[in-house]
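What follows is the content of structure.cif (mmCIF, C-alpha atoms).
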data_structure
loop_
_atom_site.label_atom_id
_atom_site.label_comp_id
_atom_site.auth_asym_id
_atom_site.auth_seq_id
_atom_site.Cartn_x
_atom_site.Cartn_y
_atom_site.Cartn_z
CA MET A 1 136.46 36.66 105.00
CA LEU A 2 133.04 38.26 104.71
CA THR A 3 129.74 36.43 105.05
CA VAL A 4 127.44 39.33 104.15
CA ASP A 5 127.18 40.58 100.56
CA TYR A 6 127.42 44.38 100.89
CA ASP A 7 125.79 44.96 97.52
CA ARG A 8 122.70 43.06 98.67
CA LEU A 9 122.83 44.90 101.99
CA GLY A 10 122.88 48.16 100.04
CA LEU A 11 125.35 49.91 102.33
CA LYS A 12 126.18 53.45 101.20
CA PRO A 13 128.78 55.99 102.36
CA GLY A 14 127.57 58.07 105.27
CA GLN A 15 125.08 55.52 106.53
CA HIS A 16 125.14 54.25 110.11
CA LEU A 17 125.77 50.54 110.51
CA LEU A 18 125.46 48.33 113.59
CA ASP A 19 127.65 45.22 113.59
CA LEU A 20 125.98 43.13 116.30
CA GLY A 21 128.13 40.32 117.65
CA CYS A 22 131.04 41.91 115.85
CA GLY A 23 133.66 39.49 117.18
CA PHE A 24 137.02 40.73 115.95
CA GLY A 25 135.36 43.17 113.54
CA ARG A 26 135.67 41.70 110.04
CA HIS A 27 132.34 43.13 108.84
CA ALA A 28 132.86 46.40 110.68
CA PHE A 29 136.20 47.00 108.96
CA GLU A 30 134.72 46.46 105.50
CA ALA A 31 131.87 48.85 106.31
CA ILE A 32 134.38 51.53 107.28
CA ARG A 33 136.27 51.00 104.02
CA ARG A 34 132.95 51.64 102.25
CA GLY A 35 132.51 54.96 104.04
CA ALA A 36 129.92 54.02 106.69
CA HIS A 37 129.80 55.14 110.31
CA VAL A 38 130.16 51.95 112.35
CA THR A 39 129.09 50.83 115.80
CA ALA A 40 130.58 47.47 116.78
CA CYS A 41 128.63 45.75 119.56
CA ASP A 42 129.45 42.51 121.38
CA MET A 43 129.25 40.97 124.84
CA ALA A 44 132.89 39.83 124.69
CA ILE A 45 135.14 42.61 125.98
CA PRO A 46 138.46 41.20 124.63
CA GLU A 47 137.05 41.16 121.09
CA LEU A 48 135.77 44.70 121.48
CA VAL A 49 139.18 45.88 122.67
CA ASP A 50 140.83 44.22 119.68
CA THR A 51 138.27 45.76 117.30
CA LYS A 52 138.77 49.23 118.83
CA ASN A 53 142.54 48.88 118.44
CA THR A 54 142.11 47.90 114.79
CA PHE A 55 139.89 50.94 114.20
CA ALA A 56 142.73 53.09 115.56
CA ALA A 57 145.32 51.30 113.41
CA MET A 58 143.17 51.77 110.29
CA ALA A 59 142.85 55.49 111.01
CA GLU A 60 146.58 55.80 111.62
CA ALA A 61 147.29 54.02 108.34
CA GLY A 62 145.06 56.49 106.52
CA GLU A 63 142.32 53.97 105.63
CA PHE A 64 139.72 56.42 106.93
CA SER A 65 139.51 59.83 108.57
CA PRO A 66 138.05 59.89 112.11
CA ASP A 67 136.86 63.43 111.33
CA LYS A 68 134.60 62.08 108.57
CA ILE A 69 133.78 58.54 109.69
CA ARG A 70 132.65 57.82 113.23
CA THR A 71 133.35 54.51 114.96
CA ALA A 72 132.28 53.15 118.33
CA THR A 73 132.70 49.90 120.26
CA ILE A 74 129.96 49.15 122.78
CA ALA A 75 129.32 46.16 125.05
CA GLY A 76 125.69 45.15 124.82
CA ASP A 77 123.10 42.41 125.13
CA ALA A 78 121.22 41.67 121.90
CA THR A 79 117.96 41.31 123.83
CA LYS A 80 118.40 44.74 125.49
CA LEU A 81 120.29 46.91 123.03
CA PRO A 82 121.65 50.20 124.43
CA PHE A 83 120.49 52.30 121.48
CA ASP A 84 117.54 54.59 120.73
CA ASP A 85 114.74 53.62 118.38
CA ASN A 86 115.44 54.07 114.65
CA THR A 87 119.19 54.61 115.05
CA PHE A 88 120.79 52.58 112.27
CA ASP A 89 120.42 52.52 108.47
CA ARG A 90 121.91 49.03 108.19
CA ILE A 91 122.49 46.17 110.64
CA ILE A 92 124.63 43.06 110.38
CA ALA A 93 124.03 40.21 112.84
CA SER A 94 126.46 37.56 111.65
CA GLU A 95 126.51 34.13 113.35
CA VAL A 96 124.82 35.57 116.45
CA LEU A 97 121.20 34.42 116.70
CA GLU A 98 122.06 30.72 117.04
CA HIS A 99 123.76 31.59 120.36
CA ILE A 100 120.79 33.45 121.88
CA PRO A 101 118.09 31.48 123.77
CA ARG A 102 115.64 34.41 123.41
CA ASP A 103 116.28 35.00 119.73
CA ILE A 104 112.82 36.47 119.13
CA ASP A 105 113.53 39.17 121.73
CA ALA A 106 116.80 39.92 119.94
CA LEU A 107 115.05 40.22 116.57
CA HIS A 108 112.49 42.64 118.05
CA GLU A 109 115.34 44.74 119.46
CA LEU A 110 117.13 44.77 116.11
CA THR A 111 113.92 45.87 114.42
CA ARG A 112 113.44 48.61 117.02
CA VAL A 113 116.87 50.18 116.46
CA LEU A 114 116.71 49.87 112.66
CA LYS A 115 115.41 52.92 110.82
CA PRO A 116 112.24 52.61 108.72
CA GLY A 117 113.39 51.59 105.27
CA GLY A 118 116.60 50.19 106.73
CA VAL A 119 117.99 46.75 105.95
CA ILE A 120 119.34 44.01 108.19
CA ALA A 121 121.48 41.04 107.17
CA ALA A 122 121.20 38.12 109.57
CA THR A 123 123.48 35.12 109.07
CA VAL A 124 123.22 31.74 110.80
CA PRO A 125 124.75 28.30 110.21
CA THR A 126 122.96 26.52 107.35
CA PHE A 127 120.71 23.67 108.46
CA LEU A 128 122.28 20.63 106.75
CA PRO A 129 126.00 21.37 107.35
CA GLU A 130 125.20 22.35 110.93
CA ARG A 131 123.13 19.22 111.58
CA ILE A 132 126.00 17.05 110.32
CA CYS A 133 128.41 18.79 112.71
CA TRP A 134 126.06 18.20 115.64
CA MET A 135 125.67 14.54 114.69
CA ILE A 136 129.43 13.91 114.42
CA ASN A 137 130.56 15.65 117.61
CA SER A 138 128.50 17.27 120.38
CA ASP A 139 131.53 19.33 121.43
CA TYR A 140 131.10 21.35 118.23
CA HIS A 141 128.15 23.37 119.48
CA ALA A 142 129.13 23.31 123.18
CA PRO A 143 126.79 23.94 126.13
CA ALA A 144 124.59 27.01 125.84
CA ALA A 145 125.82 28.13 129.25
CA VAL A 146 129.26 28.83 127.78
CA GLY A 147 128.08 30.52 124.61
CA GLY A 148 127.45 27.54 122.35
CA HIS A 149 124.81 27.07 119.67
CA VAL A 150 121.32 26.56 121.09
CA ARG A 151 119.43 25.80 117.87
CA ILE A 152 119.72 24.97 114.18
CA TYR A 153 117.63 27.18 111.91
CA THR A 154 115.92 26.28 108.72
CA ARG A 155 115.76 29.21 106.32
CA ASP A 156 111.95 29.24 106.59
CA GLU A 157 112.12 29.39 110.40
CA LEU A 158 114.44 32.38 110.41
CA ARG A 159 112.34 34.15 107.78
CA ALA A 160 109.18 33.57 109.83
CA LYS A 161 110.79 34.91 112.99
CA MET A 162 112.01 38.00 111.15
CA VAL A 163 108.51 38.61 109.77
CA GLY A 164 107.08 38.19 113.28
CA ALA A 165 109.48 40.85 114.53
CA GLY A 166 108.21 43.35 111.94
CA LEU A 167 110.70 42.82 109.12
CA ARG A 168 110.13 42.02 105.44
CA PRO A 169 112.62 39.45 104.06
CA THR A 170 113.82 40.43 100.59
CA ASP A 171 116.73 38.17 99.65
CA ALA A 172 118.74 35.15 100.81
CA HIS A 173 121.72 33.02 99.86
CA ASN A 174 124.20 30.50 101.23
CA THR A 175 127.94 31.09 101.37
CA HIS A 176 131.25 29.50 102.47
CA GLY A 177 130.57 26.16 100.78
CA LEU A 178 134.23 25.21 101.01
CA HIS A 179 134.19 25.63 104.78
CA SER A 180 131.62 22.97 105.68
CA PRO A 181 133.94 19.99 104.96
CA TYR A 182 136.61 21.61 107.11
CA TRP A 183 134.28 21.59 110.11
CA TRP A 184 133.14 18.05 109.40
CA ILE A 185 136.78 16.96 109.49
CA LYS A 186 137.34 18.91 112.72
CA CYS A 187 134.32 17.26 114.30
CA ALA A 188 135.52 13.82 113.21
CA VAL A 189 139.09 14.11 114.51
CA GLY A 190 138.38 16.33 117.54
CA ILE A 191 137.42 20.00 117.68
CA GLU A 192 140.67 21.00 119.38
CA ASN A 193 142.89 18.74 117.24
CA ASN A 194 144.34 21.43 114.99
CA ASP A 195 147.50 19.42 114.38
CA HIS A 196 145.79 16.55 112.57
CA PRO A 197 147.22 16.28 109.01
CA LEU A 198 143.80 16.52 107.34
CA VAL A 199 142.86 19.58 109.39
CA LYS A 200 146.16 21.29 108.60
CA LYS A 201 145.94 20.54 104.87
CA TYR A 202 142.36 21.75 104.60
CA HIS A 203 143.16 24.85 106.65
CA ASP A 204 145.96 25.66 104.21
CA LEU A 205 143.44 25.31 101.37
CA LEU A 206 141.09 27.79 103.03
CA VAL A 207 143.92 30.25 103.64
CA TRP A 208 144.81 29.97 99.95
CA GLU A 209 141.17 30.64 99.08
CA ILE A 210 141.05 33.77 101.23
CA THR A 211 144.45 35.27 100.42
CA ASP A 212 144.94 34.43 96.73
CA GLN A 213 141.33 33.83 95.60
CA PRO A 214 142.35 31.32 92.89
CA LYS A 215 139.76 30.92 90.15
CA VAL A 216 139.47 27.16 90.68
CA LEU A 217 138.42 27.67 94.32
CA GLN A 218 136.11 30.55 93.41
CA LEU A 219 134.37 28.22 90.96
CA ALA A 220 134.23 25.43 93.54
CA GLY A 221 132.70 27.84 96.02
CA LYS A 222 130.00 28.94 93.59
CA ILE A 223 129.07 25.31 92.98
CA LEU A 224 129.12 24.29 96.65
CA ASP A 225 127.56 27.40 98.22
CA PRO A 226 123.92 26.62 97.35
CA VAL A 227 124.30 22.98 98.43
CA ILE A 228 126.53 22.95 101.53
CA GLY A 229 127.26 26.62 102.21
CA LYS A 230 128.28 26.90 105.87
CA SER A 231 126.23 30.06 106.42
CA THR A 232 122.77 31.20 105.36
CA VAL A 233 122.25 34.96 104.94
CA ILE A 234 118.81 36.55 104.97
CA TYR A 235 118.30 40.23 104.14
CA ALA A 236 115.18 41.98 105.41
CA GLU A 237 113.78 45.50 105.37
CA LYS A 238 111.93 47.41 108.07
CA PRO A 239 108.75 48.76 106.44
CA ALA A 240 108.92 52.50 105.91
CA THR A 241 105.27 53.28 105.10
CA LEU A 242 101.77 52.18 106.03
CA ALA A 243 101.51 50.30 102.73
CA ASP A 244 104.70 48.42 103.56
CA ALA A 245 103.35 47.61 107.01
CA ILE A 246 100.19 46.15 105.44
CA LYS A 247 102.35 43.98 103.17
CA ARG A 248 104.28 42.84 106.22
CA ASP A 249 101.06 41.88 108.04
CA GLU A 250 99.88 39.94 104.99
CA ALA A 251 103.21 38.11 104.92
CA THR A 252 102.83 37.32 108.63
CA ARG A 253 99.41 35.75 108.07
CA ALA A 254 100.70 33.74 105.13
CA ALA A 255 103.80 32.46 107.00
#
Is it possible to express this structure as structure tokens?
Amino acid sequence: MLTVDYDRLGLKPGQHLLDLGCGFGRHAFEAIRRGAHVTACDMAIPELVDTKNTFAAMAEAGEFSPDKIRTATIAGDATKLPFDDNTFDRIIASEVLEHIPRDIDALHELTRVLKPGGVIAATVPTFLPERICWMINSDYHAPAAVGGHVRIYTRDELRAKMVGAGLRPTDAHNTHGLHSPYWWIKCAVGIENNDHPLVKKYHDLLVWEITDQPKVLQLAGKILDPVIGKSTVIYAEKPATLADAIKRDEATRAA
């Protein structure tokens, strides 16, 4: 299940993509299938090991050629990325920034390692669905000390922070509208209560959505995404020229 729209990201074969906070690699795998060189970066070693093993399995299955497409898994801190300036053509930071107390530092680092003219897609939980989860059950976002959510973004706040880091937001949308009610139910019955009948039934619905993509659920998703989409995605470009930098500064003053 992808959160980022790769057409809006503009990912092309041969480009270098950083998947920051890759988790178990869902966005990284899709990028490989589209012919990109991929670096998967996370602080969680078990997830990186699993992602690396999946890269190997994909290569063995013939989904890509390691001679033509390069992959890497690297442990790293978003506020101190272990990469040179202007390294990546595209960056995905999906459901990461809400976990980072120093999110502005992370955004500056992402801007630093993005090439001029490159594009980043940053996704965070959408304000209203996230606020409802926090109101129903404080266990949902967990203490920051153990990796929980430390803030709820409005779209304008995230845009402003991206502009302040030197990026120029270009597009945005919400997605996963069918998933918000699932988390509201989980918060209501207990985050760890996966055996509750409502949780199990709704989980089966989401599995059906992902595996079979029935038209009725695709339509429901299109209707619900703008209203209660679980995730907000903002795409932004790193200015490539002096003229672009001037536009960015004007946007900063206007924000």
**Request:** Return as an MDAnalysis selection string the set of residues that the PyMOL selection byres ((chain A and resi 19) around 12) yields on the displayed structure.
**Result:** chainID A and resid 4 16:18 20:32 36:42 48 51 71:76 78 88:96 110 114 120:123
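A straight line drawn from atom CA of A:Leu107 to atom CA of A:Gln15 is 20.9 Å long.
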Sorted by chain and rising residue number, list the residues of stretch 25-126 of chain A at most 10 Å from stretch 132-144 of chain A (counting all atoms listed in the file), each with its closest atom pair and distance in Å to one decimal, as a Markdown table.
| residue | atom | partner | partner_atom | distance |
| --- | --- | --- | --- | --- |
| A:Glu98 | CA | A:His141 | CA | 9.9 |
| A:His99 | CA | A:Ala144 | CA | 7.2 |
| A:Ile100 | CA | A:Ala144 | CA | 8.5 |
| A:Pro101 | CA | A:Ala144 | CA | 8.2 |
**Asked** From the set A:Asn194, A:Thr232, A:Ser180, A:Ser65, which residue has the shortest atom-to-atom contact distance to A:Arg155, counting only C-alpha atoms?
**Response** A:Thr232
**Complete:** Residue with the minimum atom-to-atom distance to A:Ala240, picked from A:Gly118, A:Tyr6, A:Leu158, A:Glu60 with all atoms listed in the file counted, is A:Gly118
**Item:** Computed interatomic separation between atom CA of A:Gly10 and atom CA of A:Val163 (Å)
**Value:** 19.8 Å
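Picked out by the PyMOL selection byres ((chain A and resi 209-222) around 7) when it runs on this file: A:Met1, A:His176, A:Gly177, A:Leu178, A:Leu205, A:Leu206, A:Val207, A:Trp208, A:Ile223, A:Leu224, A:Asp225.
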Around all the atoms of stretch 185-197 of chain A listed in the file, draw an axis-aligned box and extend it by 4 Å on each of the six sides; I want its centre and edge lengths in Å to one decimal, as AutoDock Vina command-line options.
--center_x 140.9 --center_y 17.6 --center_z 114.2 --size_x 21.2 --size_y 15.6 --size_z 18.4
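From atom CA of A:Lys12 back to atom CA of A:Arg34, the distance works out to 7.1 Å.
Shortest separation to A:Ala44 among A:Asp77, A:Leu97, A:Asp67, A:Arg168 occurs at residue A:Asp77, atoms counted being all atoms listed in the file.
Minimum distance to A:Ala106 across A:Leu128, A:Ala57, A:Ile185, A:Met162 (counting all atoms listed in the file) occurs at A:Met162.
Among A:Arg70, A:Ala56, A:Ala172, A:Leu2, the residue with the shortest atom-to-atom distance to A:Gly14, counting all atoms listed in the file, is A:Arg70.
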**Message:** Just want the 12 Å neighbourhood of A:Glu157, counted on only C-alpha atoms, with same-chain residues fewer than 5 positions away dropped. Output as an MDAnalysis selection string.
**Reply:** chainID A and resid 103:104 124 126:127 151:152 162:164 169 232 234 255
**Prompt:** If you count only C-alpha atoms, which residues fall within 7 Å of A:Thr111, apart from same-chain ones fewer than 4 positions away, as JSON, numbers by chain?
**Reply:** {"A": [107, 165, 166, 167, 238]}
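Each of A:Glu130, A:Arg8, A:Gly62, A:Glu47 was checked against A:Ala236 using only C-alpha atoms; the smallest atom-to-atom distance is that of A:Arg8.
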How would stretch 13-38 of chain A read, as a PDB file, keeping the file's coordinate frame, once N, CA and C atoms are built in?
ATOM      1  N   PRO A  13     127.968  55.074 101.547  1.00  0.00           N
ATOM      2  CA  PRO A  13     128.780  55.990 102.360  1.00  0.00           C
ATOM      3  C   PRO A  13     127.907  56.933 103.176  1.00  0.00           C
ATOM      4  N   GLY A  14     128.308  57.154 104.414  1.00  0.00           N
ATOM      5  CA  GLY A  14     127.570  58.070 105.270  1.00  0.00           C
ATOM      6  C   GLY A  14     126.467  57.426 106.081  1.00  0.00           C
ATOM      7  N   GLN A  15     126.104  56.197 105.758  1.00  0.00           N
ATOM      8  CA  GLN A  15     125.080  55.520 106.530  1.00  0.00           C
ATOM      9  C   GLN A  15     125.650  55.011 107.863  1.00  0.00           C
ATOM     10  N   HIS A  16     124.751  54.751 108.799  1.00  0.00           N
ATOM     11  CA  HIS A  16     125.140  54.250 110.110  1.00  0.00           C
ATOM     12  C   HIS A  16     124.859  52.749 110.182  1.00  0.00           C
ATOM     13  N   LEU A  17     125.903  51.990 110.475  1.00  0.00           N
ATOM     14  CA  LEU A  17     125.770  50.540 110.510  1.00  0.00           C
ATOM     15  C   LEU A  17     126.065  50.000 111.902  1.00  0.00           C
ATOM     16  N   LEU A  18     125.227  49.078 112.365  1.00  0.00           N
ATOM     17  CA  LEU A  18     125.460  48.330 113.590  1.00  0.00           C
ATOM     18  C   LEU A  18     125.952  46.942 113.229  1.00  0.00           C
ATOM     19  N   ASP A  19     127.125  46.579 113.741  1.00  0.00           N
ATOM     20  CA  ASP A  19     127.650  45.220 113.590  1.00  0.00           C
ATOM     21  C   ASP A  19     127.446  44.528 114.925  1.00  0.00           C
ATOM     22  N   LEU A  20     126.331  43.794 115.041  1.00  0.00           N
ATOM     23  CA  LEU A  20     125.980  43.130 116.300  1.00  0.00           C
ATOM     24  C   LEU A  20     126.701  41.781 116.379  1.00  0.00           C
ATOM     25  N   GLY A  21     127.333  41.529 117.529  1.00  0.00           N
ATOM     26  CA  GLY A  21     128.130  40.320 117.650  1.00  0.00           C
ATOM     27  C   GLY A  21     129.346  40.418 116.749  1.00  0.00           C
ATOM     28  N   CYS A  22     129.997  41.566 116.823  1.00  0.00           N
ATOM     29  CA  CYS A  22     131.040  41.910 115.850  1.00  0.00           C
ATOM     30  C   CYS A  22     132.246  40.989 115.912  1.00  0.00           C
ATOM     31  N   GLY A  23     132.454  40.301 117.055  1.00  0.00           N
ATOM     32  CA  GLY A  23     133.660  39.490 117.180  1.00  0.00           C
ATOM     33  C   GLY A  23     134.889  40.363 117.042  1.00  0.00           C
ATOM     34  N   PHE A  24     135.791  39.953 116.157  1.00  0.00           N
ATOM     35  CA  PHE A  24     137.020  40.730 115.950  1.00  0.00           C
ATOM     36  C   PHE A  24     136.876  41.757 114.828  1.00  0.00           C
ATOM     37  N   GLY A  25     135.627  41.985 114.339  1.00  0.00           N
ATOM     38  CA  GLY A  25     135.360  43.170 113.540  1.00  0.00           C
ATOM     39  C   GLY A  25     135.444  43.049 112.038  1.00  0.00           C
ATOM     40  N   ARG A  26     135.447  41.832 111.477  1.00  0.00           N
ATOM     41  CA  ARG A  26     135.670  41.700 110.040  1.00  0.00           C
ATOM     42  C   ARG A  26     134.632  42.460 109.211  1.00  0.00           C
ATOM     43  N   HIS A  27     133.354  42.398 109.596  1.00  0.00           N
ATOM     44  CA  HIS A  27     132.340  43.130 108.840  1.00  0.00           C
ATOM     45  C   HIS A  27     132.401  44.634 109.109  1.00  0.00           C
ATOM     46  N   ALA A  28     132.744  44.981 110.340  1.00  0.00           N
ATOM     47  CA  ALA A  28     132.860  46.400 110.680  1.00  0.00           C
ATOM     48  C   ALA A  28     133.955  47.074 109.861  1.00  0.00           C
ATOM     49  N   PHE A  29     135.082  46.402 109.696  1.00  0.00           N
ATOM     50  CA  PHE A  29     136.200  47.000 108.960  1.00  0.00           C
ATOM     51  C   PHE A  29     135.834  47.241 107.498  1.00  0.00           C
ATOM     52  N   GLU A  30     135.132  46.288 106.898  1.00  0.00           N
ATOM     53  CA  GLU A  30     134.720  46.460 105.500  1.00  0.00           C
ATOM     54  C   GLU A  30     133.732  47.610 105.379  1.00  0.00           C
ATOM     55  N   ALA A  31     132.836  47.753 106.348  1.00  0.00           N
ATOM     56  CA  ALA A  31     131.870  48.850 106.310  1.00  0.00           C
ATOM     57  C   ALA A  31     132.568  50.202 106.384  1.00  0.00           C
ATOM     58  N   ILE A  32     133.615  50.289 107.199  1.00  0.00           N
ATOM     59  CA  ILE A  32     134.380  51.530 107.280  1.00  0.00           C
ATOM     60  C   ILE A  32     135.040  51.832 105.935  1.00  0.00           C
ATOM     61  N   ARG A  33     135.617  50.806 105.320  1.00  0.00           N
ATOM     62  CA  ARG A  33     136.270  51.000 104.020  1.00  0.00           C
ATOM     63  C   ARG A  33     135.276  51.497 102.972  1.00  0.00           C
ATOM     64  N   ARG A  34     133.988  51.194 103.173  1.00  0.00           N
ATOM     65  CA  ARG A  34     132.950  51.640 102.250  1.00  0.00           C
ATOM     66  C   ARG A  34     132.353  52.976 102.660  1.00  0.00           C
ATOM     67  N   GLY A  35     132.915  53.606 103.684  1.00  0.00           N
ATOM     68  CA  GLY A  35     132.510  54.960 104.040  1.00  0.00           C
ATOM     69  C   GLY A  35     131.369  55.071 105.029  1.00  0.00           C
ATOM     70  N   ALA A  36     131.019  53.984 105.722  1.00  0.00           N
ATOM     71  CA  ALA A  36     129.920  54.020 106.690  1.00  0.00           C
ATOM     72  C   ALA A  36     130.430  54.360 108.089  1.00  0.00           C
ATOM     73  N   HIS A  37     129.555  54.971 108.877  1.00  0.00           N
ATOM     74  CA  HIS A  37     129.800  55.140 110.310  1.00  0.00           C
ATOM     75  C   HIS A  37     129.451  53.804 110.975  1.00  0.00           C
ATOM     76  N   VAL A  38     130.316  53.319 111.854  1.00  0.00           N
ATOM     77  CA  VAL A  38     130.160  51.950 112.350  1.00  0.00           C
ATOM     78  C   VAL A  38     130.133  51.899 113.870  1.00  0.00           C
TER      79      VAL A  38
END
